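So this block is final33.cif, mmCIF, C-alpha atoms:
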data_coords
loop_
_atom_site.label_atom_id
_atom_site.label_comp_id
_atom_site.auth_asym_id
_atom_site.auth_seq_id
_atom_site.Cartn_x
_atom_site.Cartn_y
_atom_site.Cartn_z
CA MET A 18 35.55 62.39 -25.03
CA LEU A 19 37.12 58.95 -25.14
CA GLU A 20 34.97 57.94 -22.16
CA LEU A 21 31.81 58.95 -24.03
CA TYR A 22 32.80 56.81 -27.01
CA TRP A 23 33.57 53.82 -24.76
CA ILE A 24 30.26 54.22 -22.91
CA CYS A 25 28.29 54.35 -26.18
CA LEU A 26 30.16 51.33 -27.54
CA ILE A 27 29.71 49.26 -24.36
CA ILE A 28 26.03 50.17 -23.93
CA GLY A 29 25.36 49.29 -27.56
CA VAL A 30 27.15 45.95 -27.40
CA VAL A 31 25.57 44.99 -24.05
CA PHE A 32 22.10 45.97 -25.28
CA ALA A 33 22.61 43.94 -28.47
CA LEU A 34 23.77 40.88 -26.51
CA VAL A 35 20.92 41.14 -23.99
CA THR A 36 18.40 41.55 -26.81
CA VAL A 37 19.72 38.52 -28.68
CA LEU A 38 20.09 36.28 -25.62
CA LEU A 39 17.16 37.38 -23.47
CA GLY A 40 14.87 39.27 -25.87
CA GLU A 41 11.95 36.84 -25.72
CA LEU A 42 12.08 36.60 -21.91
CA ILE A 43 12.15 40.37 -21.50
CA ASP A 44 9.36 40.81 -24.06
CA SER A 45 7.08 38.35 -22.28
CA ALA A 46 7.96 39.75 -18.83
CA LEU A 47 7.11 43.31 -19.84
CA ASP A 48 4.05 42.15 -21.86
CA GLY A 49 2.92 45.37 -23.48
CA LEU A 50 4.38 47.68 -20.85
CA LEU A 51 6.41 49.54 -23.48
CA ASP A 52 3.77 49.58 -26.24
CA PHE A 53 3.64 53.37 -26.06
CA LEU A 54 7.05 53.38 -27.79
CA HIS A 55 5.53 52.06 -31.03
CA LEU A 56 5.16 55.29 -32.95
CA ASP A 57 3.71 55.80 -36.44
CA PHE A 58 7.18 56.57 -37.74
CA GLY A 59 8.65 53.87 -35.51
CA HIS A 60 10.19 51.85 -38.33
CA VAL A 61 13.07 54.32 -38.39
CA LEU A 62 13.39 54.41 -34.59
CA ARG A 63 13.56 50.67 -33.96
CA PRO A 64 16.01 49.58 -31.25
CA LEU A 65 18.10 47.74 -33.84
CA VAL A 66 18.57 50.95 -35.82
CA LEU A 67 19.33 53.07 -32.75
CA ILE A 68 21.76 50.55 -31.27
CA GLY A 69 23.49 50.14 -34.63
CA GLY A 70 24.05 53.88 -34.75
CA LEU A 71 25.23 53.96 -31.14
CA VAL A 72 27.75 51.15 -31.70
CA GLY A 73 29.00 52.77 -34.91
CA PHE A 74 29.40 56.14 -33.19
CA GLY A 75 31.19 54.70 -30.15
CA GLY A 76 33.40 52.31 -32.08
CA ALA A 77 34.47 54.93 -34.61
CA GLY A 78 35.19 57.41 -31.82
CA VAL A 79 37.33 54.95 -29.88
CA VAL A 80 39.34 53.88 -32.92
CA MET A 81 39.91 57.39 -34.27
CA THR A 82 40.83 58.80 -30.85
CA GLN A 83 43.37 56.06 -30.09
CA VAL A 84 44.78 55.45 -33.57
CA LEU A 85 44.51 58.60 -35.70
CA PHE A 86 45.11 61.30 -33.06
CA LEU A 87 42.82 63.81 -34.80
CA ALA A 88 41.30 66.89 -33.18
CA GLN A 89 38.35 66.06 -30.90
CA ILE A 90 35.84 68.04 -33.00
CA VAL A 91 36.93 66.19 -36.16
CA VAL A 92 36.64 62.83 -34.39
CA LEU A 93 33.20 63.80 -33.08
CA GLY A 94 31.98 64.84 -36.53
CA ILE A 95 33.30 61.74 -38.29
CA SER A 96 31.95 59.49 -35.49
CA LEU A 97 28.49 61.04 -35.86
CA ILE A 98 28.60 60.44 -39.61
CA ILE A 99 29.74 56.83 -39.17
CA GLY A 100 27.06 56.26 -36.51
CA PHE A 101 24.44 57.60 -38.90
CA ILE A 102 25.75 55.33 -41.68
CA PHE A 103 25.56 52.31 -39.34
CA ALA A 104 21.98 53.21 -38.41
CA VAL A 105 20.98 53.54 -42.07
CA LEU A 106 22.68 50.23 -42.88
CA MET A 107 20.81 48.49 -40.06
CA TYR A 108 17.55 49.86 -41.42
CA VAL A 109 18.27 48.92 -45.03
CA VAL A 110 19.83 45.52 -44.33
CA PHE A 111 17.56 44.27 -41.53
CA ILE A 112 14.36 46.30 -40.96
CA LYS A 113 13.25 46.80 -44.60
CA PRO A 114 13.64 43.11 -45.58
CA MET A 115 11.85 41.99 -42.39
CA GLN A 116 8.91 44.30 -43.18
CA LYS A 117 8.61 42.84 -46.67
CA ALA A 118 8.78 39.30 -45.31
CA GLU A 119 5.91 39.83 -42.86
CA ASN A 120 2.88 37.86 -43.97
CA THR A 121 -0.26 36.83 -42.22
CA SER A 122 -2.85 34.17 -42.85
CA GLY A 123 -5.46 35.92 -40.71
CA PHE A 124 -8.60 37.19 -42.41
CA SER A 125 -12.14 38.21 -41.68
CA ILE A 126 -14.89 36.03 -43.15
CA ARG A 127 -16.42 39.18 -44.69
CA ASP A 128 -13.15 39.75 -46.57
CA LEU A 129 -13.86 36.65 -48.65
CA ILE A 130 -16.60 38.34 -50.70
CA GLY A 131 -15.38 38.52 -54.29
CA TYR A 132 -12.68 35.85 -53.82
CA PRO A 133 -12.48 33.07 -56.39
CA GLY A 134 -12.16 29.47 -55.31
CA GLU A 135 -12.89 25.88 -56.20
CA VAL A 136 -15.55 23.42 -55.05
CA ILE A 137 -13.94 20.48 -53.22
CA THR A 138 -17.15 18.90 -51.93
CA PRO A 139 -20.11 19.14 -54.34
CA ILE A 140 -22.70 21.73 -53.37
CA PRO A 141 -26.27 20.35 -53.70
CA ALA A 142 -29.13 22.57 -54.91
CA ASN A 143 -30.56 22.91 -51.38
CA GLY A 144 -27.65 22.22 -49.06
CA CYS A 145 -24.04 22.84 -48.21
CA GLY A 146 -20.78 21.78 -49.74
CA GLU A 147 -17.20 22.88 -49.28
CA VAL A 148 -14.99 25.29 -51.20
CA LEU A 149 -11.25 25.95 -51.16
CA LEU A 150 -10.06 29.57 -51.31
CA LYS A 151 -6.49 30.90 -51.56
CA ILE A 152 -5.96 33.64 -48.98
CA GLY A 153 -2.56 35.35 -48.96
CA ALA A 154 0.10 32.68 -48.60
CA GLY A 155 -2.33 29.97 -47.46
CA HIS A 156 -5.58 28.24 -48.24
CA THR A 157 -8.85 27.95 -46.34
CA ASN A 158 -11.73 25.50 -46.61
CA GLN A 159 -15.17 26.96 -46.00
CA ILE A 160 -18.76 25.71 -45.94
CA ALA A 161 -20.68 27.05 -48.92
CA GLU A 162 -24.17 27.15 -50.44
CA SER A 163 -25.22 27.97 -53.98
CA VAL A 164 -26.74 31.43 -54.44
CA THR A 165 -28.76 30.24 -57.45
CA GLN A 166 -30.07 27.15 -55.62
CA SER A 167 -28.51 24.94 -58.31
CA GLU A 168 -26.05 22.08 -57.89
CA ILE A 169 -22.37 22.91 -58.29
CA PRO A 170 -20.18 19.85 -58.92
CA ASN A 171 -16.71 19.13 -57.56
CA GLY A 172 -13.83 20.98 -59.28
CA VAL A 173 -15.91 23.91 -60.58
CA ARG A 174 -14.38 27.39 -60.14
CA ILE A 175 -16.60 29.65 -58.01
CA VAL A 176 -16.70 33.20 -56.67
CA VAL A 177 -17.98 34.22 -53.23
CA VAL A 178 -21.03 36.47 -53.50
CA ASP A 179 -22.07 36.89 -49.87
CA VAL A 180 -21.50 35.60 -46.34
CA GLY A 181 -24.36 34.42 -44.13
CA LYS A 182 -24.74 35.24 -40.45
CA ASP A 183 -23.61 31.74 -39.56
CA GLY A 184 -20.41 32.13 -41.64
CA THR A 185 -21.66 30.12 -44.61
CA LEU A 186 -20.36 31.43 -47.92
CA TYR A 187 -22.86 31.97 -50.72
CA VAL A 188 -21.16 31.20 -54.03
CA THR A 189 -21.90 31.08 -57.72
CA PRO A 190 -19.99 29.39 -60.55
CA PHE A 191 -17.24 31.63 -61.89
CA ASP A 192 -17.70 32.41 -65.59
CA GLU A 193 -14.18 33.15 -66.88
CA SER A 194 -15.47 34.62 -70.15
#

Give the structure from the file, written as structure tokens.
Amino acid sequence: MLELYWICLIIGVVFALVTVLLGELIDSALDGLLDFLHLDFGHVLRPLVLIGGLVGFGGAGVVMTQVLFLAQIVVLGISLIIGFIFAVLMYVVFIKPMQKAENTSGFSIRDLIGYPGEVITPIPANGCGEVLLKIGAGHTNQIAESVTQSEIPNGVRIVVVDVGKDGTLYVTPFDES
């Protein structure tokens, strides 16, 4: 059994080192080759979680076998529990916070309908101006026309009503009352 624990510990440590040192190179070399591994419940089965459990299992097994001299079945049971605890800790400490930190500034122009913003270049009655909209963690400047065909001065709060085929936003002044 000691060999199994050492193998799990060594594989886990080597995999962790290779991932940290060469992860980007391997990812670009394989370029989507392993995309089938991304399952719907894949957050729990991330390599970091699995390797954390493997290292915990192997390390606990090695230590308990060489130091505590317990029965093999007891060592196996405790090692499995410790491996599971390590996997859960990896998920809670690393995966969950990384998921919450993920943010994107990408958006579809059609998603802007209903968004409030501010005029930064006056919009003439029959022409285009520019508006500033806050999208997620960033801002975007967009070309805009007045829906009501009336002038909208600089600094006025607006709301996007529609999007034209050419990507022009059709806006109207935002009445906060």

For this session: Identify, on the basis of all atoms listed in the file, every residue whose closest approach to region 175-185 of chain A does not exceed 10 Å; exclude the query and any residue fewer than 3 positions from it along the same chain; express the result as a PyMOL selection string.
Result: chain A and resi 126-136+145-150+159-164+169+172+188-193

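Note that the spacing between CA of Glu20 (chain A) and CA of Gly76 (chain A) amounts to 11.5 Å.
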
For this session: Run the PyMOL selection byres ((chain A and resi 77-87) around 8) mentally over the shown coordinates, then write out the matched residues as a PyMOL selection string, using the chain letters and numbers from the document.
Result: chain A and resi 19+22-23+73-76+88-89+91-93+95-96+99-100

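Minimum atom-to-atom distances from A:Leu97, A:Ile137, A:Val110, A:Ile152 to Val66 (chain A) were compared using all atoms listed in the file, and the lowest value belongs to A:Val110.
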
Seminar exercise, completed: Between CA of Tyr108 (chain A) and CA of Cys25 (chain A) lies a distance of 19.2 Å

For this session: Kindly give the distance, in Å, that separates CA of His156 (chain A) and CA of Ser125 (chain A), rounded to a single decimal.
Result: 13.6 Å

For this session: Identify the residues around (21.4, 44.3, -27.7) within a radius of 12 Å, measuring from only C-alpha atoms in the coordinates stated by the file, and give them as a PyMOL selection string.
Result: chain A and resi 26-40+43+63-69+71-72

Write the residues you've just listed into a file as a PDB file, in the coordinates of the input, and include C-alpha atoms for each of them.
ATOM      1  CA  LEU A  26      30.160  51.330 -27.540  1.00  0.00           C
ATOM      2  CA  ILE A  27      29.710  49.260 -24.360  1.00  0.00           C
ATOM      3  CA  ILE A  28      26.030  50.170 -23.930  1.00  0.00           C
ATOM      4  CA  GLY A  29      25.360  49.290 -27.560  1.00  0.00           C
ATOM      5  CA  VAL A  30      27.150  45.950 -27.400  1.00  0.00           C
ATOM      6  CA  VAL A  31      25.570  44.990 -24.050  1.00  0.00           C
ATOM      7  CA  PHE A  32      22.100  45.970 -25.280  1.00  0.00           C
ATOM      8  CA  ALA A  33      22.610  43.940 -28.470  1.00  0.00           C
ATOM      9  CA  LEU A  34      23.770  40.880 -26.510  1.00  0.00           C
ATOM     10  CA  VAL A  35      20.920  41.140 -23.990  1.00  0.00           C
ATOM     11  CA  THR A  36      18.400  41.550 -26.810  1.00  0.00           C
ATOM     12  CA  VAL A  37      19.720  38.520 -28.680  1.00  0.00           C
ATOM     13  CA  LEU A  38      20.090  36.280 -25.620  1.00  0.00           C
ATOM     14  CA  LEU A  39      17.160  37.380 -23.470  1.00  0.00           C
ATOM     15  CA  GLY A  40      14.870  39.270 -25.870  1.00  0.00           C
ATOM     16  CA  ILE A  43      12.150  40.370 -21.500  1.00  0.00           C
ATOM     17  CA  ARG A  63      13.560  50.670 -33.960  1.00  0.00           C
ATOM     18  CA  PRO A  64      16.010  49.580 -31.250  1.00  0.00           C
ATOM     19  CA  LEU A  65      18.100  47.740 -33.840  1.00  0.00           C
ATOM     20  CA  VAL A  66      18.570  50.950 -35.820  1.00  0.00           C
ATOM     21  CA  LEU A  67      19.330  53.070 -32.750  1.00  0.00           C
ATOM     22  CA  ILE A  68      21.760  50.550 -31.270  1.00  0.00           C
ATOM     23  CA  GLY A  69      23.490  50.140 -34.630  1.00  0.00           C
ATOM     24  CA  LEU A  71      25.230  53.960 -31.140  1.00  0.00           C
ATOM     25  CA  VAL A  72      27.750  51.150 -31.700  1.00  0.00           C
TER      26      VAL A  72
END

Starting from 8 Å padding per side, set up an axis-aligned box that covers all listed atoms of region 101-104 of chain A and hand over centre and edge lengths in Å, one decimal, as lines of an AutoDock Vina configuration file.
center_x = 23.9
center_y = 55.0
center_z = -40.0
size_x = 19.8
size_y = 21.3
size_z = 19.3

Will you model N, CA, C and O atoms for region 95-113 of chain A and pass it back as a PDB file, in the frame of the given file?
ATOM      1  N   ILE A  95      33.187  62.986 -37.506  1.00  0.00           N
ATOM      2  CA  ILE A  95      33.300  61.740 -38.290  1.00  0.00           C
ATOM      3  C   ILE A  95      32.568  60.600 -37.579  1.00  0.00           C
ATOM      4  O   ILE A  95      31.911  59.778 -38.223  1.00  0.00           O
ATOM      5  N   SER A  96      32.651  60.535 -36.255  1.00  0.00           N
ATOM      6  CA  SER A  96      31.950  59.490 -35.490  1.00  0.00           C
ATOM      7  C   SER A  96      30.442  59.605 -35.661  1.00  0.00           C
ATOM      8  O   SER A  96      29.747  58.590 -35.796  1.00  0.00           O
ATOM      9  N   LEU A  97      29.925  60.839 -35.639  1.00  0.00           N
ATOM     10  CA  LEU A  97      28.490  61.040 -35.860  1.00  0.00           C
ATOM     11  C   LEU A  97      28.076  60.567 -37.255  1.00  0.00           C
ATOM     12  O   LEU A  97      27.042  59.917 -37.424  1.00  0.00           O
ATOM     13  N   ILE A  98      28.904  60.875 -38.238  1.00  0.00           N
ATOM     14  CA  ILE A  98      28.600  60.440 -39.610  1.00  0.00           C
ATOM     15  C   ILE A  98      28.635  58.922 -39.705  1.00  0.00           C
ATOM     16  O   ILE A  98      27.739  58.301 -40.292  1.00  0.00           O
ATOM     17  N   ILE A  99      29.641  58.291 -39.134  1.00  0.00           N
ATOM     18  CA  ILE A  99      29.740  56.830 -39.170  1.00  0.00           C
ATOM     19  C   ILE A  99      28.595  56.195 -38.401  1.00  0.00           C
ATOM     20  O   ILE A  99      28.022  55.190 -38.832  1.00  0.00           O
ATOM     21  N   GLY A 100      28.212  56.771 -37.256  1.00  0.00           N
ATOM     22  CA  GLY A 100      27.060  56.260 -36.510  1.00  0.00           C
ATOM     23  C   GLY A 100      25.787  56.337 -37.333  1.00  0.00           C
ATOM     24  O   GLY A 100      24.979  55.405 -37.345  1.00  0.00           O
ATOM     25  N   PHE A 101      25.605  57.446 -38.029  1.00  0.00           N
ATOM     26  CA  PHE A 101      24.440  57.600 -38.900  1.00  0.00           C
ATOM     27  C   PHE A 101      24.458  56.569 -40.025  1.00  0.00           C
ATOM     28  O   PHE A 101      23.432  55.953 -40.341  1.00  0.00           O
ATOM     29  N   ILE A 102      25.618  56.339 -40.608  1.00  0.00           N
ATOM     30  CA  ILE A 102      25.750  55.330 -41.680  1.00  0.00           C
ATOM     31  C   ILE A 102      25.410  53.942 -41.141  1.00  0.00           C
ATOM     32  O   ILE A 102      24.705  53.170 -41.794  1.00  0.00           O
ATOM     33  N   PHE A 103      25.887  53.611 -39.951  1.00  0.00           N
ATOM     34  CA  PHE A 103      25.560  52.310 -39.340  1.00  0.00           C
ATOM     35  C   PHE A 103      24.059  52.178 -39.120  1.00  0.00           C
ATOM     36  O   PHE A 103      23.478  51.120 -39.365  1.00  0.00           O
ATOM     37  N   ALA A 104      23.424  53.243 -38.643  1.00  0.00           N
ATOM     38  CA  ALA A 104      21.980  53.210 -38.410  1.00  0.00           C
ATOM     39  C   ALA A 104      21.226  52.991 -39.714  1.00  0.00           C
ATOM     40  O   ALA A 104      20.297  52.179 -39.788  1.00  0.00           O
ATOM     41  N   VAL A 105      21.621  53.701 -40.764  1.00  0.00           N
ATOM     42  CA  VAL A 105      20.980  53.540 -42.070  1.00  0.00           C
ATOM     43  C   VAL A 105      21.189  52.121 -42.593  1.00  0.00           C
ATOM     44  O   VAL A 105      20.264  51.496 -43.124  1.00  0.00           O
ATOM     45  N   LEU A 106      22.404  51.606 -42.437  1.00  0.00           N
ATOM     46  CA  LEU A 106      22.680  50.230 -42.880  1.00  0.00           C
ATOM     47  C   LEU A 106      21.815  49.210 -42.127  1.00  0.00           C
ATOM     48  O   LEU A 106      21.318  48.259 -42.733  1.00  0.00           O
ATOM     49  N   MET A 107      21.663  49.406 -40.835  1.00  0.00           N
ATOM     50  CA  MET A 107      20.810  48.490 -40.060  1.00  0.00           C
ATOM     51  C   MET A 107      19.378  48.527 -40.573  1.00  0.00           C
ATOM     52  O   MET A 107      18.716  47.505 -40.687  1.00  0.00           O
ATOM     53  N   TYR A 108      18.905  49.725 -40.900  1.00  0.00           N
ATOM     54  CA  TYR A 108      17.550  49.860 -41.420  1.00  0.00           C
ATOM     55  C   TYR A 108      17.412  49.184 -42.773  1.00  0.00           C
ATOM     56  O   TYR A 108      16.478  48.422 -43.002  1.00  0.00           O
ATOM     57  N   VAL A 109      18.351  49.445 -43.668  1.00  0.00           N
ATOM     58  CA  VAL A 109      18.270  48.920 -45.030  1.00  0.00           C
ATOM     59  C   VAL A 109      18.513  47.417 -45.073  1.00  0.00           C
ATOM     60  O   VAL A 109      17.838  46.686 -45.801  1.00  0.00           O
ATOM     61  N   VAL A 110      19.457  46.928 -44.274  1.00  0.00           N
ATOM     62  CA  VAL A 110      19.830  45.520 -44.330  1.00  0.00           C
ATOM     63  C   VAL A 110      18.887  44.625 -43.514  1.00  0.00           C
ATOM     64  O   VAL A 110      18.604  43.499 -43.918  1.00  0.00           O
ATOM     65  N   PHE A 111      18.369  45.126 -42.389  1.00  0.00           N
ATOM     66  CA  PHE A 111      17.560  44.270 -41.530  1.00  0.00           C
ATOM     67  C   PHE A 111      16.074  44.649 -41.492  1.00  0.00           C
ATOM     68  O   PHE A 111      15.214  43.807 -41.701  1.00  0.00           O
ATOM     69  N   ILE A 112      15.760  45.898 -41.182  1.00  0.00           N
ATOM     70  CA  ILE A 112      14.360  46.300 -40.960  1.00  0.00           C
ATOM     71  C   ILE A 112      13.542  46.212 -42.239  1.00  0.00           C
ATOM     72  O   ILE A 112      12.460  45.621 -42.258  1.00  0.00           O
ATOM     73  N   LYS A 113      14.015  46.801 -43.339  1.00  0.00           N
ATOM     74  CA  LYS A 113      13.250  46.800 -44.600  1.00  0.00           C
ATOM     75  C   LYS A 113      12.956  45.373 -45.080  1.00  0.00           C
ATOM     76  O   LYS A 113      11.815  45.072 -45.403  1.00  0.00           O
TER      77      LYS A 113
END
